[in-house]
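Novice: Sharing start-v7.cif, mmCIF, C-alpha atoms and all ligand atoms:
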```cif
data_entry
#
loop_
_atom_site.label_atom_id
_atom_site.label_comp_id
_atom_site.auth_asym_id
_atom_site.auth_seq_id
_atom_site.Cartn_x
_atom_site.Cartn_y
_atom_site.Cartn_z
CA MET A 1124 0.67 -30.23 -7.96
CA LYS A 1125 3.82 -32.13 -6.95
CA LYS A 1126 4.27 -31.51 -3.21
CA ASP A 1127 8.04 -31.57 -2.77
CA ILE A 1128 8.79 -28.87 -5.32
CA PHE A 1129 9.69 -25.40 -3.96
CA ARG A 1130 7.90 -22.86 -6.12
CA SER A 1131 8.70 -19.17 -6.30
CA GLY A 1132 8.04 -16.08 -8.34
CA PHE A 1133 6.68 -12.59 -8.65
CA VAL A 1134 2.99 -11.72 -8.52
CA GLY A 1135 1.66 -8.31 -9.62
CA ILE A 1136 -1.52 -6.92 -8.08
CA VAL A 1137 -3.19 -4.44 -10.42
CA GLY A 1138 -6.58 -2.81 -10.84
CA ARG A 1139 -8.55 0.41 -10.54
CA PRO A 1140 -8.04 2.61 -7.44
CA ASN A 1141 -9.67 1.66 -4.12
CA VAL A 1142 -10.64 -1.93 -5.05
CA GLY A 1143 -8.63 -3.35 -2.12
CA LYS A 1144 -5.28 -4.31 -3.70
CA SER A 1145 -3.18 -3.26 -0.72
CA THR A 1146 -5.68 -4.70 1.77
CA LEU A 1147 -5.53 -8.08 -0.01
CA MET A 1148 -1.74 -8.09 -0.17
CA ASN A 1149 -1.43 -7.26 3.55
CA HIS A 1150 -3.92 -10.01 4.30
CA LEU A 1151 -2.09 -12.61 2.22
CA ILE A 1152 1.29 -11.91 3.83
CA GLY A 1153 -0.30 -11.63 7.29
CA GLN A 1154 1.15 -8.20 8.09
CA LYS A 1155 0.29 -4.61 7.40
CA ILE A 1156 2.99 -3.24 5.14
CA ALA A 1157 1.17 -1.29 2.42
CA ILE A 1158 -0.94 1.61 3.63
CA THR A 1159 -4.67 1.54 2.89
CA SER A 1160 -7.51 4.05 2.99
CA ALA A 1161 -11.04 4.58 1.78
CA LYS A 1162 -9.74 7.28 -0.57
CA PRO A 1163 -8.70 6.32 -4.11
CA GLN A 1164 -5.03 6.63 -5.16
CA THR A 1165 -3.61 5.70 -1.78
CA THR A 1166 -0.73 3.60 -3.14
CA ARG A 1167 1.71 5.68 -5.20
CA SER A 1168 4.58 3.34 -5.95
CA GLN A 1169 5.37 -0.34 -6.21
CA ILE A 1170 5.30 -2.00 -2.78
CA ARG A 1171 7.17 -5.27 -2.64
CA THR A 1172 6.36 -7.87 0.03
CA VAL A 1173 7.38 -11.48 0.54
CA TYR A 1174 5.33 -14.49 1.60
CA THR A 1175 7.24 -17.67 2.41
CA CYS A 1176 5.75 -21.03 3.37
CA GLU A 1177 6.57 -24.71 2.85
CA ARG A 1178 5.07 -24.56 -0.64
CA GLY A 1179 7.44 -21.82 -1.78
CA GLN A 1180 7.92 -18.06 -1.89
CA VAL A 1181 5.71 -15.41 -3.44
CA ILE A 1182 6.97 -11.89 -4.00
CA PHE A 1183 3.96 -9.62 -4.26
CA LEU A 1184 4.18 -6.34 -6.13
CA ASP A 1185 1.34 -4.03 -5.06
CA THR A 1186 0.75 -1.17 -7.48
CA PRO A 1187 -1.08 2.18 -7.67
CA GLY A 1188 -4.67 2.09 -8.93
CA ILE A 1189 -4.87 2.63 -12.69
CA HIS A 1190 -6.74 5.88 -13.37
CA LYS A 1191 -6.98 8.80 -15.78
CA ALA A 1192 -3.89 10.78 -14.83
CA GLU A 1193 -4.35 14.49 -14.21
CA ASN A 1194 -0.76 15.37 -13.37
CA LYS A 1195 2.79 14.01 -13.57
CA LEU A 1196 2.38 12.09 -10.32
CA GLY A 1197 -0.69 10.35 -11.78
CA GLU A 1198 1.23 9.49 -14.95
CA TYR A 1199 4.03 8.04 -12.83
CA MET A 1200 1.54 5.96 -10.86
CA ASP A 1201 -0.05 4.49 -14.00
CA ASP A 1202 3.42 3.79 -15.42
CA VAL A 1203 4.33 1.89 -12.24
CA ALA A 1204 1.24 -0.30 -12.59
CA PHE A 1205 1.80 -1.06 -16.29
CA GLU A 1206 5.55 -1.54 -15.89
CA THR A 1207 4.89 -4.10 -13.14
CA LEU A 1208 3.09 -6.33 -15.64
CA SER A 1209 6.41 -7.03 -17.37
CA GLN A 1210 8.19 -7.88 -14.10
CA VAL A 1211 5.98 -10.70 -12.85
CA ASP A 1212 5.14 -14.37 -13.41
CA VAL A 1213 1.47 -14.14 -12.45
CA ILE A 1214 -0.96 -11.20 -12.46
CA LEU A 1215 -3.87 -10.64 -10.07
CA TRP A 1216 -6.42 -8.24 -11.54
CA LEU A 1217 -8.51 -6.99 -8.65
CA VAL A 1218 -12.03 -5.71 -9.27
CA GLU A 1219 -15.11 -4.89 -7.22
CA PRO A 1220 -18.35 -6.86 -7.63
CA THR A 1221 -20.21 -4.78 -10.16
CA SER A 1222 -21.59 -5.19 -13.66
CA PHE A 1223 -20.01 -1.90 -14.70
CA SER A 1224 -17.07 -1.97 -17.02
CA GLY A 1225 -15.79 1.01 -18.97
CA ALA A 1226 -12.77 2.46 -20.73
CA GLY A 1227 -10.56 1.82 -17.68
CA GLU A 1228 -11.34 -1.89 -17.67
CA ARG A 1229 -10.84 -2.15 -21.44
CA LEU A 1230 -7.46 -0.43 -21.11
CA ILE A 1231 -6.36 -2.85 -18.38
CA ALA A 1232 -7.56 -5.83 -20.45
CA SER A 1233 -5.57 -4.60 -23.47
CA LYS A 1234 -2.39 -4.25 -21.38
CA LEU A 1235 -2.90 -7.74 -19.97
CA LYS A 1236 -3.16 -9.17 -23.47
CA LEU A 1237 0.22 -7.66 -24.32
CA ALA A 1238 1.79 -8.95 -21.08
CA LYS A 1239 0.99 -12.58 -22.02
CA LYS A 1240 1.10 -13.85 -18.42
CA PRO A 1241 -1.37 -15.99 -16.46
CA VAL A 1242 -4.07 -13.65 -15.14
CA ILE A 1243 -6.30 -14.40 -12.16
CA LEU A 1244 -9.34 -12.18 -11.73
CA VAL A 1245 -9.92 -11.56 -8.03
CA MET A 1246 -13.37 -10.16 -7.34
CA ASN A 1247 -12.92 -8.49 -3.96
CA LYS A 1248 -15.44 -6.98 -1.50
CA ILE A 1249 -18.06 -9.70 -2.07
CA ASP A 1250 -19.20 -8.94 1.50
CA THR A 1251 -20.75 -5.75 0.11
CA VAL A 1252 -23.22 -7.40 -2.30
CA GLU A 1253 -25.89 -10.13 -2.25
CA LYS A 1254 -24.25 -13.51 -2.81
CA LYS A 1255 -26.58 -14.44 -5.68
CA LEU A 1256 -25.38 -11.46 -7.74
CA VAL A 1257 -21.70 -12.52 -7.79
CA PRO A 1258 -21.90 -15.19 -10.59
CA GLY A 1259 -23.47 -12.62 -12.94
CA TYR A 1260 -20.67 -10.14 -12.29
CA MET A 1261 -18.10 -12.89 -12.86
CA ASP A 1262 -19.73 -13.73 -16.23
CA MET A 1263 -19.50 -10.10 -17.27
CA TYR A 1264 -15.74 -10.06 -16.59
CA ARG A 1265 -15.28 -13.42 -18.32
CA LYS A 1266 -16.34 -11.69 -21.57
CA LEU A 1267 -13.65 -9.05 -21.08
CA TYR A 1268 -10.62 -11.34 -20.86
CA PRO A 1269 -9.76 -15.06 -21.01
CA PHE A 1270 -8.82 -15.38 -17.33
CA ASP A 1271 -6.98 -18.43 -16.04
CA GLU A 1272 -9.24 -18.34 -13.00
CA ILE A 1273 -11.85 -16.10 -11.37
CA ILE A 1274 -11.95 -16.01 -7.56
CA PRO A 1275 -14.53 -14.12 -5.50
CA VAL A 1276 -13.10 -12.98 -2.12
CA SER A 1277 -13.43 -10.56 0.72
CA ALA A 1278 -9.99 -9.40 1.80
CA LEU A 1279 -11.47 -7.47 4.70
CA ARG A 1280 -13.47 -10.41 6.07
CA SER A 1281 -10.93 -13.09 5.11
CA VAL A 1282 -13.35 -14.93 2.82
CA ASN A 1283 -11.81 -17.31 0.27
CA THR A 1284 -8.39 -15.63 0.29
CA ASP A 1285 -6.60 -18.99 0.69
CA SER A 1286 -7.91 -19.87 -2.78
CA VAL A 1287 -5.90 -16.93 -4.14
CA LEU A 1288 -2.68 -18.40 -2.71
CA ASP A 1289 -3.60 -21.85 -4.11
CA ALA A 1290 -4.19 -20.35 -7.56
CA ILE A 1291 -0.86 -18.50 -7.41
CA PHE A 1292 1.21 -21.52 -6.33
CA ALA A 1293 -0.46 -23.63 -9.04
CA ARG A 1294 1.03 -21.25 -11.62
CA LEU A 1295 4.49 -20.56 -10.18
CA PRO A 1296 7.51 -22.41 -11.54
CA GLU A 1297 9.99 -24.33 -9.44
CA GLY A 1298 12.40 -21.68 -8.19
CA PRO A 1299 14.83 -20.40 -5.57
CA MET A 1300 14.28 -18.48 -2.32
CA TYR A 1301 14.72 -14.92 -3.57
CA TYR A 1302 14.61 -13.52 -0.01
CA ASP A 1303 15.47 -15.19 3.30
CA GLU A 1304 12.59 -16.65 5.29
CA GLU A 1305 12.29 -13.70 7.71
CA THR A 1306 12.01 -11.01 5.04
CA VAL A 1307 8.53 -9.50 4.71
CA THR A 1308 9.38 -6.46 2.62
CA ASP A 1309 12.30 -4.66 1.04
CA GLN A 1310 10.91 -1.28 2.13
CA THR A 1311 13.21 0.65 4.45
CA MET A 1312 12.05 1.75 7.92
CA ARG A 1313 12.28 5.30 6.62
CA ALA A 1314 9.93 4.57 3.70
CA ILE A 1315 7.47 2.73 5.93
CA ALA A 1316 7.46 5.55 8.49
CA SER A 1317 6.81 8.10 5.76
CA GLU A 1318 3.94 6.02 4.36
CA ILE A 1319 2.41 5.59 7.82
CA ILE A 1320 2.34 9.37 8.29
CA ARG A 1321 0.73 9.75 4.85
CA GLU A 1322 -1.87 7.11 5.72
CA LYS A 1323 -2.87 8.88 8.91
CA ALA A 1324 -3.10 12.18 7.03
CA LEU A 1325 -5.20 10.53 4.29
CA ARG A 1326 -7.54 9.08 6.87
CA CYS A 1327 -7.89 12.29 8.93
CA LEU A 1328 -8.24 14.79 6.09
CA LYS A 1329 -11.22 15.30 3.80
CA GLU A 1330 -11.98 15.93 0.14
CA GLU A 1331 -9.22 17.15 -2.13
CA VAL A 1332 -6.59 17.89 0.55
CA PRO A 1333 -5.24 14.33 0.98
CA HIS A 1334 -4.52 13.84 -2.72
CA GLY A 1335 -2.19 16.83 -2.76
CA ILE A 1336 0.04 15.75 0.10
CA ALA A 1337 3.34 13.96 0.27
CA VAL A 1338 5.53 13.11 3.24
CA GLU A 1339 9.25 13.53 3.45
CA ILE A 1340 11.32 12.21 6.34
CA GLN A 1341 14.01 14.78 7.09
CA THR A 1342 15.82 13.00 9.89
CA MET A 1343 15.43 9.57 11.40
CA LYS A 1344 17.93 8.60 14.06
CA GLU A 1345 18.00 5.84 16.61
CA ARG A 1346 19.54 6.60 20.03
CA ARG A 1347 19.91 4.72 23.28
CA ARG A 1348 17.50 5.86 25.94
CA LYS A 1349 18.72 5.96 29.54
CA ALA A 1350 16.99 3.63 31.93
CA GLY A 1351 14.92 5.06 34.71
CA ARG A 1352 13.64 8.19 33.04
CA LYS A 1353 11.14 9.15 30.41
CA PRO A 1354 12.23 11.14 27.38
CA GLU A 1355 11.59 14.85 28.01
CA ASP A 1356 9.13 15.31 25.20
CA GLN A 1357 7.15 12.15 25.92
CA PRO A 1358 6.76 12.07 29.66
CA GLY A 1359 4.21 9.25 29.60
CA ASP A 1360 1.72 8.85 32.43
CA PRO A 1361 2.64 11.39 35.15
CA SER A 1362 0.68 9.40 37.74
CA SER A 1363 2.84 6.35 37.17
CA ASP A 1364 5.95 5.84 39.30
CA ALA A 1365 7.22 3.12 37.01
CA LEU A 1366 10.59 3.84 35.47
CA ASP A 1367 11.33 3.01 31.86
CA PRO A 1368 13.75 0.21 31.17
CA ALA A 1369 16.68 1.11 28.94
CA GLY A 1370 15.90 0.84 25.25
CA MET A 1371 16.14 2.54 21.92
CA ILE A 1372 14.23 5.58 20.81
CA TRP A 1373 13.75 6.85 17.27
CA ASP A 1374 13.87 10.60 16.72
CA ILE A 1375 11.97 11.35 13.53
CA GLU A 1376 11.36 14.71 11.86
CA ALA A 1377 8.95 14.68 8.96
CA VAL A 1378 7.39 17.24 6.66
CA ILE A 1379 3.95 17.02 5.14
CA ILE A 1380 4.18 18.69 1.75
CA THR A 1381 1.01 20.28 0.43
CA GLU A 1382 0.33 22.11 -2.81
CA LYS A 1383 -1.80 25.02 -1.59
CA ASP A 1384 -1.52 27.62 1.17
CA SER A 1385 -5.19 27.06 2.04
CA HIS A 1386 -4.50 23.34 2.54
CA LYS A 1387 -1.66 24.06 4.95
CA GLY A 1388 -4.14 25.67 7.37
CA ILE A 1389 -6.51 22.69 7.10
CA ILE A 1390 -3.69 20.21 7.79
CA ILE A 1391 -2.53 22.17 10.84
CA GLY A 1392 -6.10 22.68 12.08
CA LYS A 1393 -7.45 24.92 14.82
CA GLY A 1394 -4.68 25.50 17.34
CA GLY A 1395 -2.67 22.74 15.67
CA SER A 1396 -5.29 20.12 16.55
CA MET A 1397 -5.36 18.30 13.18
CA LEU A 1398 -1.58 18.04 12.90
CA LYS A 1399 -1.44 16.77 16.47
CA LYS A 1400 -4.06 14.11 15.68
CA ILE A 1401 -2.18 12.95 12.56
CA ALA A 1402 1.19 12.93 14.36
CA THR A 1403 -0.12 11.04 17.39
CA GLN A 1404 -1.78 8.34 15.28
CA ALA A 1405 1.36 8.05 13.15
CA ARG A 1406 3.65 7.86 16.18
CA LEU A 1407 1.65 5.02 17.71
CA ALA A 1408 1.64 3.08 14.42
CA ILE A 1409 5.38 3.59 13.86
CA GLU A 1410 6.09 2.49 17.45
CA GLU A 1411 4.07 -0.67 16.86
CA MET A 1412 5.91 -1.37 13.63
CA ALA A 1413 9.39 -0.63 15.05
CA GLY A 1414 8.74 -2.16 18.46
CA GLU A 1415 10.53 0.86 19.94
CA GLN A 1416 9.62 4.25 21.30
CA VAL A 1417 9.29 7.06 18.78
CA ASN A 1418 9.67 10.79 19.18
CA LEU A 1419 7.95 12.24 16.11
CA LYS A 1420 7.85 15.86 14.99
CA VAL A 1421 5.78 16.76 11.94
CA PHE A 1422 5.86 20.08 10.08
CA VAL A 1423 3.85 21.31 7.09
CA LYS A 1424 5.34 22.98 3.99
CA VAL A 1425 3.74 24.33 0.83
CA ARG A 1426 5.27 23.34 -2.52
CA LYS A 1427 3.00 24.81 -5.17
CA ASP A 1428 1.83 22.27 -7.75
CA TRP A 1429 4.45 19.74 -6.68
CA ARG A 1430 2.50 16.95 -8.37
CA ASP A 1431 3.52 18.46 -11.72
CA ASN A 1432 7.10 19.26 -10.74
CA ALA A 1433 9.50 16.61 -12.04
CA GLY A 1434 12.31 17.64 -9.67
CA ILE A 1435 10.18 17.44 -6.53
CA LEU A 1436 8.62 14.16 -7.67
CA ARG A 1437 12.08 12.70 -8.14
CA SER A 1438 13.25 13.87 -4.72
CA LEU A 1439 10.19 12.20 -3.17
CA GLY A 1440 11.07 8.91 -4.86
CA TYR A 1441 8.42 9.11 -7.58
CA ASP A 1442 11.06 8.77 -10.25
CA PRO A 1443 10.12 7.40 -13.69
CA LYS A 1444 13.80 6.62 -14.40
CA GLU A 1445 13.99 4.28 -11.42
CA LEU A 1446 11.03 2.30 -12.76
CA SER A 1447 12.74 0.54 -15.61
CA ARG A 1448 15.73 -0.24 -13.38
CA LYS A 1449 13.72 -2.34 -10.91
N1 LIG A 1501 -16.19 -4.07 2.48
C1 LIG A 1501 -14.94 -4.31 2.08
N2 LIG A 1501 -14.04 -3.30 2.02
C2 LIG A 1501 -12.80 -3.59 1.62
C3 LIG A 1501 -12.40 -4.90 1.25
N3 LIG A 1501 -11.09 -4.85 0.89
C4 LIG A 1501 -10.70 -3.56 1.03
N4 LIG A 1501 -11.73 -2.80 1.47
C5 LIG A 1501 -11.71 -1.35 1.75
O1 LIG A 1501 -11.55 -0.66 0.53
C6 LIG A 1501 -10.80 0.56 0.73
C7 LIG A 1501 -9.63 0.61 -0.21
O2 LIG A 1501 -8.70 -0.39 0.15
P1 LIG A 1501 -7.18 -0.33 -0.36
O3 LIG A 1501 -6.56 -1.63 0.00
O4 LIG A 1501 -6.52 0.92 0.10
O5 LIG A 1501 -7.44 -0.26 -1.94
P2 LIG A 1501 -6.36 -0.16 -3.12
O6 LIG A 1501 -6.91 -0.91 -4.28
O7 LIG A 1501 -5.02 -0.55 -2.64
O8 LIG A 1501 -6.43 1.40 -3.43
P3 LIG A 1501 -5.34 2.34 -4.19
O9 LIG A 1501 -4.02 2.14 -3.51
O10 LIG A 1501 -5.88 3.70 -3.97
O11 LIG A 1501 -5.33 1.93 -5.62
C8 LIG A 1501 -10.40 0.55 2.22
O12 LIG A 1501 -11.31 1.35 2.92
C9 LIG A 1501 -10.52 -0.91 2.61
O13 LIG A 1501 -10.82 -1.12 3.98
C10 LIG A 1501 -13.36 -5.96 1.33
O14 LIG A 1501 -13.11 -7.12 1.05
N5 LIG A 1501 -14.60 -5.59 1.76
MG MG A 1502 -3.27 0.49 -2.52
#
```
Turn the structure described in the file into structure tokens.
Specialist:
Amino acid sequence: MKKDIFRSGFVGIVGRPNVGKSTLMNHLIGQKIAITSAKPQTTRSQIRTVYTCERGQVIFLDTPGIHKAENKLGEYMDDVAFETLSQVDVILWLVEPTSFSGAGERLIASKLKLAKKPVILVMNKIDTVEKKLVPGYMDMYRKLYPFDEIIPVSALRSVNTDSVLDAIFARLPEGPMYYDEETVTDQTMRAIASEIIREKALRCLKEEVPHGIAVEIQTMKERRRKAGRKPEDQPGDPSSDALDPAGMIWDIEAVIITEKDSHKGIIIGKGGSMLKKIATQARLAIEEMAGEQVNLKVFVKVRKDWRDNAGILRSLGYDPKELSRK
């Protein structure tokens, strides 16, 4: 590869749910932007992040896991993933190390054939299997699609992930800086805060409850905090005499939307304990992301069968019409 050329372009990350797409993207850009969880169908829309180095600029498009949709939200998520294939220069198909391949894999392979783009198969989570098994799994996938390259990695343990960047840059054309050097994502603070709350809920809640939730930020305002006092609702450590320096504080009010009355009780928990746990974890993560103090209030609302309600989906930003406009 000629060294002095600045390469840039768009890279789509697609695959089945829970294979580690968002984890890999966060790892490659060196920051946690996309939320992750051990539950499938964590990512619900296209998450755009930017990686800039002396070689060039990569714009990653993380996508929802491709699955058999059971409601309108699921259909939207699959559409996002397939639509992304037409928006990118290079495709990463992420899989887990296994010899299993079924209808889902065949569907993805058929969509890739239509996309006619360079495809790199990234076999993630190789830390979970015996090393000697990996070549066999790679051979199985080789029969499924004529990949440009197959790269075994562990996103979680940082194994071989640099090879993914090398393989991407080798296939990107000479191009401009699409985003300035400091940009890591085009997501708004509001969108990131909402996703953080959803991540904490996903991680705290069990079984079918997390799949039926959505988070809506109702208000998000930044105000100047007076020096020398703690905000009333977050008094900090009462044993400490230290006074706060002046700074900014975010007041955020969010609603967790759930589809069943019975789920509302589970989300709130005994004496409000579950909601408190979710809100505290979310507040700390938003504070870390914003670098400022956060005053977070979270409520729970029931919206029956919202995952099949086109109007609610649109108001939450899961809008099929927006897809083709990207
Ligand atoms: N052992 C191991 N676990 C991993 C690795 N990469 C990701 N994971 C875990 O796999 C789970 C799913 O990761 P995500 O990044 O949320 O997966 P995803 O493909 O984005 O999932 P969806 O958004 O639901 O499609 C999380 O619990 C991760 O910690 C890896 O290399 N090794
Ligand atoms: Mg994801």
Novice: In Å, with one decimal, what is the gap from atom CA of Gly1414 of chain A to atom CA of Gly1135 of chain A?
Specialist: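 Going from atom CA of Gly1414 of chain A over to atom CA of Gly1135 of chain A, I get 29.6 Å.
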Novice: Taking all atoms listed in the file into account, which residues have an atom no farther than 10 Å from ligand LIG 1501 (chain A)? I'd like them as a count of residues only.
Specialist: 56
Novice: Using only C-alpha atoms and all ligand atoms, find the one residue out of A:Ile1170, A:Ile1182, A:Ile1389, A:Met1397 that sits nearest to ligand MG 1502 (chain A).
Specialist: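 Among A:Ile1170, A:Ile1182, A:Ile1389, A:Met1397, it is A:Ile1170 that comes nearest to ligand MG 1502 (chain A).
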Novice: Report as number ranges by chain all protein, DNA and RNA residues lying within 6 Å of Ile1380 of chain A, evaluated on only C-alpha atoms, omitting residues in the same chain fewer than 5 positions from it.
Specialist: A: 1336-1338, 1423-1425
Novice: Excluding same-chain residues fewer than 6 positions from segment 1427-1431 of chain A, what lies within 8 Å of it counting all atoms listed in the file, as a ChimeraX atom specification?
Specialist: /A:1194-1196,1335,1381-1383
Novice: Just give me the gap between atom CA of Leu1419 of chain A and atom CA of Met1312 of chain A in Å, one decimal is fine.
Specialist: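 Separation between atom CA of Leu1419 of chain A and atom CA of Met1312 of chain A: 13.9 Å.
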Novice: Skip Tyr1302 of chain A itself and residues of its chain fewer than 2 positions away, then list as a VMD selection string all residues within 9 Å of it, counting all atoms listed in the file.
Specialist: chain A and resid 1173 1175 1180 1182 1299 to 1300 1304 to 1307
Novice: How many Å separate atom CA of Glu1411 of chain A from atom CA of Trp1373 of chain A?
Specialist: 12.3 Å
Novice: Nearest residue to ligand MG 1502 (chain A) out of A:Phe1133, A:Val1211, A:Glu1318, A:Gly1153, using all atoms listed in the file?
Specialist: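 Among the listed residues, the smallest separation from ligand MG 1502 (chain A) belongs to A:Glu1318.
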Novice: Could you check which of A:Arg1437, A:Arg1130, A:Leu1184, A:Ala1192 is closest to ligand MG 1502 (chain A), using all atoms listed in the file?
Specialist: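 Ranked by minimum distance to ligand MG 1502 (chain A), first place goes to A:Leu1184.
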Novice: Mind giving me the axis-aligned box for segment 1250-1261 of chain A with 8 Å on every side, centre plus edges in Å to one decimal, as AutoDock Vina command-line options?
Specialist:
```
--center_x -22.3 --center_y -10.5 --center_z -5.7 --size_x 24.5 --size_y 25.4 --size_z 30.4
```
Novice: I need every residue sitting at most 12 Å from the point (7.1, 18.6, 12.4) (coordinates as in the file, only C-alpha atoms considered), written as a ChimeraX atom specification.
Specialist: /A:1320,1338-1342,1374-1380,1390-1391,1395,1398-1399,1401-1403,1406,1418-1424
Novice: Considering only C-alpha atoms, can you say which of A:Trp1216, A:Tyr1268, A:Tyr1199, A:Phe1205 comes closest to Arg1229 of chain A?
Specialist: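 Distance minimum relative to Arg1229 of chain A lands on A:Tyr1268.
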Novice: So which one's closest to ligand MG 1502 (chain A), A:Gln1169, A:Gly1227, A:Ile1152, A:Phe1183? Using only C-alpha atoms and all ligand atoms, please.
Specialist: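 Selected residue with least distance to ligand MG 1502 (chain A): A:Gln1169.
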Novice: Kindly indicate which residue among A:Lys1349, A:Gly1132, A:Ile1156, A:Gly1440 lies nearest to ligand MG 1502 (chain A), using all atoms listed in the file for the distances.
Specialist: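 Residue with the minimum atom-to-atom distance to ligand MG 1502 (chain A): A:Ile1156.
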Novice: Once N, CA and C atoms are restored for segment 1379-1394 of chain A, what would the output be as an mmCIF file, keeping the file's coordinate frame?
Specialist:
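Just written: part.cif:
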```
data_model
loop_
_atom_site.group_PDB
_atom_site.id
_atom_site.type_symbol
_atom_site.label_atom_id
_atom_site.label_comp_id
_atom_site.auth_asym_id
_atom_site.auth_seq_id
_atom_site.Cartn_x
_atom_site.Cartn_y
_atom_site.Cartn_z
ATOM 1 N N ILE A 1379 5.068 17.288 6.048
ATOM 2 C CA ILE A 1379 3.950 17.020 5.140
ATOM 3 C C ILE A 1379 3.984 18.128 4.093
ATOM 4 N N ILE A 1380 4.131 17.713 2.843
ATOM 5 C CA ILE A 1380 4.180 18.690 1.750
ATOM 6 C C ILE A 1380 2.775 18.821 1.177
ATOM 7 N N THR A 1381 2.335 20.061 0.993
ATOM 8 C CA THR A 1381 1.010 20.280 0.430
ATOM 9 C C THR A 1381 1.124 21.292 -0.708
ATOM 10 N N GLU A 1382 0.136 21.281 -1.617
ATOM 11 C CA GLU A 1382 0.330 22.110 -2.810
ATOM 12 C C GLU A 1382 -0.330 23.487 -2.733
ATOM 13 N N LYS A 1383 -1.096 23.731 -1.667
ATOM 14 C CA LYS A 1383 -1.800 25.020 -1.590
ATOM 15 C C LYS A 1383 -1.675 25.611 -0.195
ATOM 16 N N ASP A 1384 -1.570 26.946 -0.123
ATOM 17 C CA ASP A 1384 -1.520 27.620 1.170
ATOM 18 C C ASP A 1384 -2.768 27.310 2.002
ATOM 19 N N SER A 1385 -3.933 27.302 1.315
ATOM 20 C CA SER A 1385 -5.190 27.060 2.040
ATOM 21 C C SER A 1385 -5.203 25.653 2.654
ATOM 22 N N HIS A 1386 -4.537 24.706 2.003
ATOM 23 C CA HIS A 1386 -4.500 23.340 2.540
ATOM 24 C C HIS A 1386 -3.608 23.245 3.775
ATOM 25 N N LYS A 1387 -2.588 24.089 3.808
ATOM 26 C CA LYS A 1387 -1.660 24.060 4.950
ATOM 27 C C LYS A 1387 -2.448 24.319 6.241
ATOM 28 N N GLY A 1388 -3.328 25.335 6.196
ATOM 29 C CA GLY A 1388 -4.140 25.670 7.370
ATOM 30 C C GLY A 1388 -5.036 24.515 7.785
ATOM 31 N N ILE A 1389 -5.609 23.821 6.798
ATOM 32 C CA ILE A 1389 -6.510 22.690 7.100
ATOM 33 C C ILE A 1389 -5.712 21.557 7.766
ATOM 34 N N ILE A 1390 -4.510 21.319 7.245
ATOM 35 C CA ILE A 1390 -3.690 20.210 7.790
ATOM 36 C C ILE A 1390 -3.261 20.528 9.229
ATOM 37 N N ILE A 1391 -2.934 21.795 9.477
ATOM 38 C CA ILE A 1391 -2.530 22.170 10.840
ATOM 39 C C ILE A 1391 -3.736 22.169 11.782
ATOM 40 N N GLY A 1392 -4.870 22.681 11.279
ATOM 41 C CA GLY A 1392 -6.100 22.680 12.080
ATOM 42 C C GLY A 1392 -6.114 23.760 13.140
ATOM 43 N N LYS A 1393 -7.274 23.884 13.792
ATOM 44 C CA LYS A 1393 -7.450 24.920 14.820
ATOM 45 C C LYS A 1393 -6.501 24.677 15.993
ATOM 46 N N GLY A 1394 -5.639 25.636 16.236
ATOM 47 C CA GLY A 1394 -4.680 25.500 17.340
ATOM 48 C C GLY A 1394 -3.755 24.308 17.173
#
```
